[in-house]
Amino acid sequence: MLFPTGHRGAATPAPVVPSTGRLQPLGLDQVRITGGPWARRQEVNAAATLAHIEHWLEREGWLGNFDLAAAGGPAAGRRGREFSDSEVYKLLEAMAWELGRRPDADLEHRFGAMVRRVAAAQEPDGYLGTRFGRPGQEPRYTDLEWGHELYCQGHLYQAAAARARTGRPGDLLVEVARRSADHVCATFGPDGNQGICGHAEVEVGLAELGRALGEPRYLAQAALFLDRRGHGVLADIEFGRSYYQDDVPVRDAEVFHGHAVRANYLAAGAVDVAVETGDEKLLDAVAGQWARTQARRTYLTGGQGSHHQDEAFGDDWVLPPDRAYSETCASVGSVMVSWRLLLARGGAQYADAIERALTNVVATSPAHDGRSFFYANTLHQRVPAEHVATDEVSKRAEASLRAPWFEVACCPPNVARTFASVAAYVATVDDGGVQLHQYAPAEIRATLPSGEQVALDVVTGYPDDGRVEVHVVDAPSGDWTLTLRVPSWSPSARVRVDDGSDRVVGPGFVEVPGPRSGAVVTLDLDAAPRFVVPDPHIDAVRGCVAVQRGPQVLCLESVDLDEGDGVDDVVVDASVPPWEVDGTVYVRAGILGASDGGWPYAATDDAAPRPRPELRDVPLVAYHDWANRGPATMRVWLPAL
Ligand SMILES: [Zn+2]
């Protein structure tokens with residue numbers, strides 16, 4: 001049965017609230033991040049990024065498109081790409097989570113004004129979209145391959161779920177989304193239009209709106225879209241039907257493939273449908289695809305997608321660092337999938353993947369001031385970027401410095417909605433107790449399924465410091481378990497409770513039985529910097545090493561080298577482990593002599609031995625911090641001597 005009465009999907013202010021599963025999410029009212037890097041990101045997001053995005057949506061006319069549509073046209077005045085409505089919805093979702101996190105009268109006012117403009121453009125039958133269906137425009141749903149109409153409405157549903165769950169179930173945005181979803185069900189139901197959207201998203205949106213509103217019809221429609229996909233419903237295109245995952249049914253696929261954002265959004269929707277319908281085979285299929293994708297198609301940073309041309313996954317092992325596309329949105333999507341699998345099945349590997357992608361891709365996208373963004377996240381920048389004007393739209397997604405806005409601007413609002421709701425990924429509960437998945441200074445005030453309360457304060461200098469203290473402010477009266485994740489990057493960890501218990505454990509979940517009120521549980525992770533070597537199948541980085549410090553991938557940036565030396569001249573002495581002085585990590589490295597300018601290949605017999613370069617100490621920076629000091633070259637993978 002779908003959505004049993006008393007379902008928790010309406011009341012928990014979190015992005016994903018399944019009716020069932022191994023673990024239960026906690027809402028933003030139960031987990032508050034109080035310090036550290038994620039708190040700073042949330043502050044910048046609230047203080048700068050939300051208004052920055054709103055400014056650009058207004059300036060580029062993407063908000064104005066709704067005003068034009070409300071007035072009946074004219075179609076010729078519409079600006080932006082076919083999916084520009086979705087950026088408005090993603091900003092609304094980000095604002096809704098931010099308002100759920102902390103009331104703000106000004107933000108509430110701006111949110112309400114934007115929603116009224118959106119609502120005014122809704123057609124009497126519930127259809128909502130500014131690109132199709134009005135005089136001078138193509139009829140609705142005549143370009144399902146590229147039109148993004150259902151994709152856009154899917155983002156509307158996620159925004160509405162955020163609003164419904166943060167205390168405003170009767171909000172105008174929720175009613176707009178309900179009418180739109182009713183329209184989609186009526187139009188694309190079992191006896192209706194048999195199409196699907198070229199860009200998956202409506203599935204995950206319908207499932208979550210269904211959970212938030214207790215409406216099983218929306219979930220059934222999501223399941224219908226999923227079942228239709230993979231049978232060549234959409235036209236064959238230059239990239240092939242694999243581009244939009246219409247080449248093979250999702251339950252028969254072996255690995256994520258095609259456009260990386262689409263693949264992740266589709267998988268997220270598939271997990272939602274599988275969980276709500278008890279379809280273990282579908283869940284097995286997606287979990288298997290996730291595992292192979294992580295094992296063979298994911299960058300060290302957690303980034304996904306190595307094709308620029310079609311923004312797609314490459315084949316297994318095709319992970320060139322200098323051609324990494326690694327779109328920010330693909331990593332937001334990967335967090336969506338990993339989080340749903342974690343809730344459904346448990347498994348520390350899912351929380352590991354979330355940490356990797358959040359720390360090294362999602363957090364890399366925005367500049368420190370929250371007003372410019374990476375769209376693609378290369379692991380190797382060979383040519384210094386040109387300065388990007390702070391008041392111009394970037395035409396290129398591959399801009400090598402962060403840009404204030406893009407013609408295709410999916411990434412900035414995706415970052416904003418993720419940061420505003422990032423506390424939701426910190427912890428979960430189950431019948432036995434509380435599980436901590438991500439570490440940050442935080443206050444956790446959770447209600448267990450039994451109704452008992454647990455209050456925990458997390459004190460840590462993570463991720464620079466591997467010590468995490470969990471202060472048990474209030475423990476349940478009976479038996480309970482505090483579960484802590486030991487990340488896969490920490491070869492071992494020490495867990496101590498101030499009652500005297502002390503043990504060394506390996507990566508995975510470690511259970512601490514029933515600490516009482518007033519207890520302090522200390523987890524010491526090994527966050528020392530260390531070399532990482534790639535699987536030799538990844539040809540593009542064979543013979544290279546990277547440096548990771550805790551969850552943070554580090555990189556070499558040219559601004560830290562002597563004038564005239566480039567990152568491509570550097571070779572590392574991997575026999576000397578990286579070390580840290582005053583928070584900066586160093587490697588021992590040499591600078592290759594200049595090439596003689598001739599043919600760069602030689603028969604092995606003729607190759608002159610290269611003189612061993614003089615070695616020096618070279619500093620590295622966190623990858624998420626790179627390109628904040630002006631144009632530079634950069635690389636994550638460094639050739640070993
Ligand atoms: Zn994007």
# chains A, B, ... in the order shown; residues from 1 in each chain; ligands from 1
call {"tool": "residues_near_ligand", "arguments": {"ligand": "ligand 1", "cutoff": "9 Å", "atoms": "only C-alpha atoms and all ligand atoms", "output": "MDAnalysis selection string"}}
result
chainID A and resid 261 327:330 332 375:376 397 408:414
call {"tool": "write_last_selection", "arguments": {"atoms": "C-alpha atoms", "output": "mmCIF file, in the first residue's frame"}}
result
data_model
loop_
_atom_site.group_PDB
_atom_site.id
_atom_site.type_symbol
_atom_site.label_atom_id
_atom_site.label_comp_id
_atom_site.auth_asym_id
_atom_site.auth_seq_id
_atom_site.Cartn_x
_atom_site.Cartn_y
_atom_site.Cartn_z
ATOM 1 C CA VAL A 261 22.674 14.650 -14.987
ATOM 2 C CA GLU A 327 29.230 18.964 -14.299
ATOM 3 C CA THR A 328 28.258 20.385 -10.946
ATOM 4 C CA CYS A 329 24.662 19.237 -11.505
ATOM 5 C CA ALA A 330 25.799 15.659 -12.134
ATOM 6 C CA VAL A 332 24.145 17.152 -7.160
ATOM 7 C CA TYR A 375 29.685 24.560 -14.438
ATOM 8 C CA ALA A 376 32.284 21.935 -15.440
ATOM 9 C CA ALA A 397 29.938 25.898 -19.722
ATOM 10 C CA VAL A 408 22.658 27.353 -19.528
ATOM 11 C CA ALA A 409 22.510 28.151 -15.812
ATOM 12 C CA CYS A 410 21.391 24.885 -14.266
ATOM 13 C CA CYS A 411 24.301 24.654 -11.829
ATOM 14 C CA PRO A 412 24.092 27.807 -9.658
ATOM 15 C CA PRO A 413 20.548 27.208 -8.340
ATOM 16 C CA ASN A 414 21.308 23.500 -7.958
#
call {"tool": "residues_around", "arguments": {"residues": "Ala260 of chain A", "least_positions_apart": "4", "cutoff": "8 Å", "atoms": "only C-alpha atoms", "output": "number ranges by chain"}}
result
A: 256, 264, 304-305, 311-313, 330
call {"tool": "write_last_selection", "arguments": {"atoms": "C-alpha atoms", "output": "CSV table (one decimal), in the first residue's frame"}}
result
chain,number,residue,atom,x,y,z
A,256,PHE,CA,24.7,4.7,-15.4
A,264,ASN,CA,21.4,10.5,-12.0
A,304,GLN,CA,30.8,12.2,-13.1
A,305,GLY,CA,30.7,12.6,-16.9
A,311,GLU,CA,27.8,15.9,-21.2
A,312,ALA,CA,27.8,12.1,-20.8
A,313,PHE,CA,29.5,9.3,-19.0
A,330,ALA,CA,25.8,15.7,-12.1
call {"tool": "select_by_dssp", "arguments": {"residues": "segment 251-355 of chain A", "states": "helix (DSSP H, G or I)", "output": "ChimeraX atom specification"}}
result
/A:260-277,280-296,328-345,348-355
call {"tool": "residues_around", "arguments": {"residues": "Phe83 of chain A", "least_positions_apart": "3", "cutoff": "7 Å", "atoms": "only C-alpha atoms", "output": "list in words"}}
result
Ser86, His148 and Cys152 of chain A
call {"tool": "write_last_selection", "arguments": {"atoms": "N, CA and C atoms", "output": "CSV table (one decimal), in the first residue's frame"}}
result
chain,number,residue,atom,x,y,z
A,86,SER,N,13.0,26.2,-15.1
A,86,SER,CA,13.4,25.3,-14.0
A,86,SER,C,14.4,26.0,-13.1
A,148,HIS,N,11.9,19.9,-22.6
A,148,HIS,CA,12.1,20.0,-21.2
A,148,HIS,C,10.8,20.5,-20.4
A,152,CYS,N,10.9,20.7,-16.4
A,152,CYS,CA,10.7,22.0,-15.6
A,152,CYS,C,9.6,21.8,-14.5
call {"tool": "residues_around", "arguments": {"residues": "Ala181 of chain A", "least_positions_apart": "3", "cutoff": "10 Å", "atoms": "only C-alpha atoms", "output": "PDB file with N, CA, C and O atoms, in the first residue's frame"}}
result
ATOM      1  N   GLY A 126      -4.058  23.656 -15.522  1.00  0.00           N
ATOM      2  CA  GLY A 126      -2.939  23.283 -14.660  1.00  0.00           C
ATOM      3  C   GLY A 126      -1.587  23.291 -15.351  1.00  0.00           C
ATOM      4  O   GLY A 126      -0.553  23.260 -14.695  1.00  0.00           O
ATOM      5  N   TYR A 127      -1.578  23.327 -16.682  1.00  0.00           N
ATOM      6  CA  TYR A 127      -0.293  23.344 -17.404  1.00  0.00           C
ATOM      7  C   TYR A 127       0.519  24.563 -16.993  1.00  0.00           C
ATOM      8  O   TYR A 127      -0.016  25.671 -16.894  1.00  0.00           O
ATOM      9  N   LEU A 128       1.812  24.361 -16.805  1.00  0.00           N
ATOM     10  CA  LEU A 128       2.680  25.474 -16.468  1.00  0.00           C
ATOM     11  C   LEU A 128       3.977  25.369 -17.257  1.00  0.00           C
ATOM     12  O   LEU A 128       4.705  24.378 -17.171  1.00  0.00           O
ATOM     13  N   LEU A 150       8.273  18.681 -19.104  1.00  0.00           N
ATOM     14  CA  LEU A 150       8.031  17.877 -17.905  1.00  0.00           C
ATOM     15  C   LEU A 150       9.183  18.020 -16.912  1.00  0.00           C
ATOM     16  O   LEU A 150       8.979  18.022 -15.699  1.00  0.00           O
ATOM     17  N   GLN A 153       8.507  21.091 -14.894  1.00  0.00           N
ATOM     18  CA  GLN A 153       7.444  20.900 -13.907  1.00  0.00           C
ATOM     19  C   GLN A 153       7.920  19.997 -12.767  1.00  0.00           C
ATOM     20  O   GLN A 153       7.507  20.154 -11.620  1.00  0.00           O
ATOM     21  N   GLY A 154       8.828  19.081 -13.063  1.00  0.00           N
ATOM     22  CA  GLY A 154       9.402  18.246 -12.001  1.00  0.00           C
ATOM     23  C   GLY A 154      10.143  19.081 -10.962  1.00  0.00           C
ATOM     24  O   GLY A 154      10.035  18.833  -9.758  1.00  0.00           O
ATOM     25  N   LEU A 156       9.452  22.150 -10.294  1.00  0.00           N
ATOM     26  CA  LEU A 156       8.385  22.831  -9.548  1.00  0.00           C
ATOM     27  C   LEU A 156       7.905  21.955  -8.382  1.00  0.00           C
ATOM     28  O   LEU A 156       7.674  22.438  -7.271  1.00  0.00           O
ATOM     29  N   TYR A 157       7.803  20.643  -8.629  1.00  0.00           N
ATOM     30  CA  TYR A 157       7.273  19.751  -7.584  1.00  0.00           C
ATOM     31  C   TYR A 157       8.249  19.621  -6.415  1.00  0.00           C
ATOM     32  O   TYR A 157       7.838  19.552  -5.255  1.00  0.00           O
ATOM     33  N   GLU A 175      -0.169  24.715  -4.143  1.00  0.00           N
ATOM     34  CA  GLU A 175      -1.394  24.558  -4.935  1.00  0.00           C
ATOM     35  C   GLU A 175      -1.096  24.607  -6.431  1.00  0.00           C
ATOM     36  O   GLU A 175      -1.692  23.869  -7.222  1.00  0.00           O
ATOM     37  N   VAL A 176      -0.168  25.467  -6.828  1.00  0.00           N
ATOM     38  CA  VAL A 176       0.245  25.533  -8.239  1.00  0.00           C
ATOM     39  C   VAL A 176       0.823  24.184  -8.663  1.00  0.00           C
ATOM     40  O   VAL A 176       0.494  23.646  -9.737  1.00  0.00           O
ATOM     41  N   ALA A 177       1.689  23.617  -7.819  1.00  0.00           N
ATOM     42  CA  ALA A 177       2.311  22.331  -8.144  1.00  0.00           C
ATOM     43  C   ALA A 177       1.259  21.223  -8.201  1.00  0.00           C
ATOM     44  O   ALA A 177       1.305  20.350  -9.075  1.00  0.00           O
ATOM     45  N   ARG A 178       0.306  21.266  -7.285  1.00  0.00           N
ATOM     46  CA  ARG A 178      -0.737  20.232  -7.269  1.00  0.00           C
ATOM     47  C   ARG A 178      -1.541  20.270  -8.577  1.00  0.00           C
ATOM     48  O   ARG A 178      -1.812  19.233  -9.184  1.00  0.00           O
ATOM     49  N   VAL A 184      -0.496  16.819 -15.418  1.00  0.00           N
ATOM     50  CA  VAL A 184       0.437  15.839 -16.002  1.00  0.00           C
ATOM     51  C   VAL A 184      -0.159  14.430 -15.900  1.00  0.00           C
ATOM     52  O   VAL A 184      -0.096  13.647 -16.863  1.00  0.00           O
ATOM     53  N   CYS A 185      -0.763  14.116 -14.762  1.00  0.00           N
ATOM     54  CA  CYS A 185      -1.388  12.786 -14.610  1.00  0.00           C
ATOM     55  C   CYS A 185      -2.524  12.608 -15.617  1.00  0.00           C
ATOM     56  O   CYS A 185      -2.676  11.531 -16.206  1.00  0.00           O
ATOM     57  N   ALA A 186      -3.300  13.668 -15.821  1.00  0.00           N
ATOM     58  CA  ALA A 186      -4.426  13.574 -16.754  1.00  0.00           C
ATOM     59  C   ALA A 186      -3.937  13.447 -18.193  1.00  0.00           C
ATOM     60  O   ALA A 186      -4.548  12.765 -19.016  1.00  0.00           O
ATOM     61  N   THR A 187      -2.818  14.095 -18.495  1.00  0.00           N
ATOM     62  CA  THR A 187      -2.331  14.131 -19.874  1.00  0.00           C
ATOM     63  C   THR A 187      -1.508  12.899 -20.231  1.00  0.00           C
ATOM     64  O   THR A 187      -1.592  12.388 -21.347  1.00  0.00           O
ATOM     65  N   VAL A 202      10.930  14.770 -13.880  1.00  0.00           N
ATOM     66  CA  VAL A 202       9.527  14.783 -13.465  1.00  0.00           C
ATOM     67  C   VAL A 202       9.235  13.569 -12.582  1.00  0.00           C
ATOM     68  O   VAL A 202       8.388  13.636 -11.684  1.00  0.00           O
ATOM     69  N   GLY A 205      10.418  14.339  -9.095  1.00  0.00           N
ATOM     70  CA  GLY A 205       9.572  15.416  -8.589  1.00  0.00           C
ATOM     71  C   GLY A 205       8.185  14.922  -8.220  1.00  0.00           C
ATOM     72  O   GLY A 205       7.651  15.251  -7.154  1.00  0.00           O
ATOM     73  N   LEU A 206       7.581  14.124  -9.101  1.00  0.00           N
ATOM     74  CA  LEU A 206       6.245  13.584  -8.818  1.00  0.00           C
ATOM     75  C   LEU A 206       6.267  12.702  -7.566  1.00  0.00           C
ATOM     76  O   LEU A 206       5.360  12.768  -6.739  1.00  0.00           O
ATOM     77  N   LEU A 209       6.558  14.982  -4.487  1.00  0.00           N
ATOM     78  CA  LEU A 209       5.317  15.738  -4.249  1.00  0.00           C
ATOM     79  C   LEU A 209       4.230  14.793  -3.740  1.00  0.00           C
ATOM     80  O   LEU A 209       3.455  15.136  -2.839  1.00  0.00           O
ATOM     81  N   GLY A 210       4.198  13.595  -4.319  1.00  0.00           N
ATOM     82  CA  GLY A 210       3.240  12.592  -3.840  1.00  0.00           C
ATOM     83  C   GLY A 210       3.450  12.270  -2.369  1.00  0.00           C
ATOM     84  O   GLY A 210       2.493  12.177  -1.592  1.00  0.00           O
ATOM     85  N   ARG A 217      -1.420   9.028  -6.599  1.00  0.00           N
ATOM     86  CA  ARG A 217      -1.509   9.143  -8.071  1.00  0.00           C
ATOM     87  C   ARG A 217      -0.225   9.691  -8.663  1.00  0.00           C
ATOM     88  O   ARG A 217       0.162   9.338  -9.773  1.00  0.00           O
ATOM     89  N   TYR A 218       0.435  10.586  -7.924  1.00  0.00           N
ATOM     90  CA  TYR A 218       1.656  11.182  -8.461  1.00  0.00           C
ATOM     91  C   TYR A 218       2.763  10.138  -8.532  1.00  0.00           C
ATOM     92  O   TYR A 218       3.545  10.106  -9.481  1.00  0.00           O
ATOM     93  N   GLN A 221       2.138   7.893 -11.441  1.00  0.00           N
ATOM     94  CA  GLN A 221       2.535   8.512 -12.714  1.00  0.00           C
ATOM     95  C   GLN A 221       4.053   8.450 -12.894  1.00  0.00           C
ATOM     96  O   GLN A 221       4.548   8.198 -14.002  1.00  0.00           O
TER      97      GLN A 221
END
call {"tool": "residues_around", "arguments": {"residues": "Gly630 of chain A", "least_positions_apart": "6", "cutoff": "10 Å", "atoms": "only C-alpha atoms", "output": "PyMOL selection string"}}
result
chain A and resi 384-387+401+559
call {"tool": "residues_around", "arguments": {"residues": "Glu98 of chain A", "least_positions_apart": "6", "cutoff": "8 Å", "atoms": "only C-alpha atoms", "output": "list of chain:residue names"}}
result
A:Ala46, A:Ala420, A:Ser421
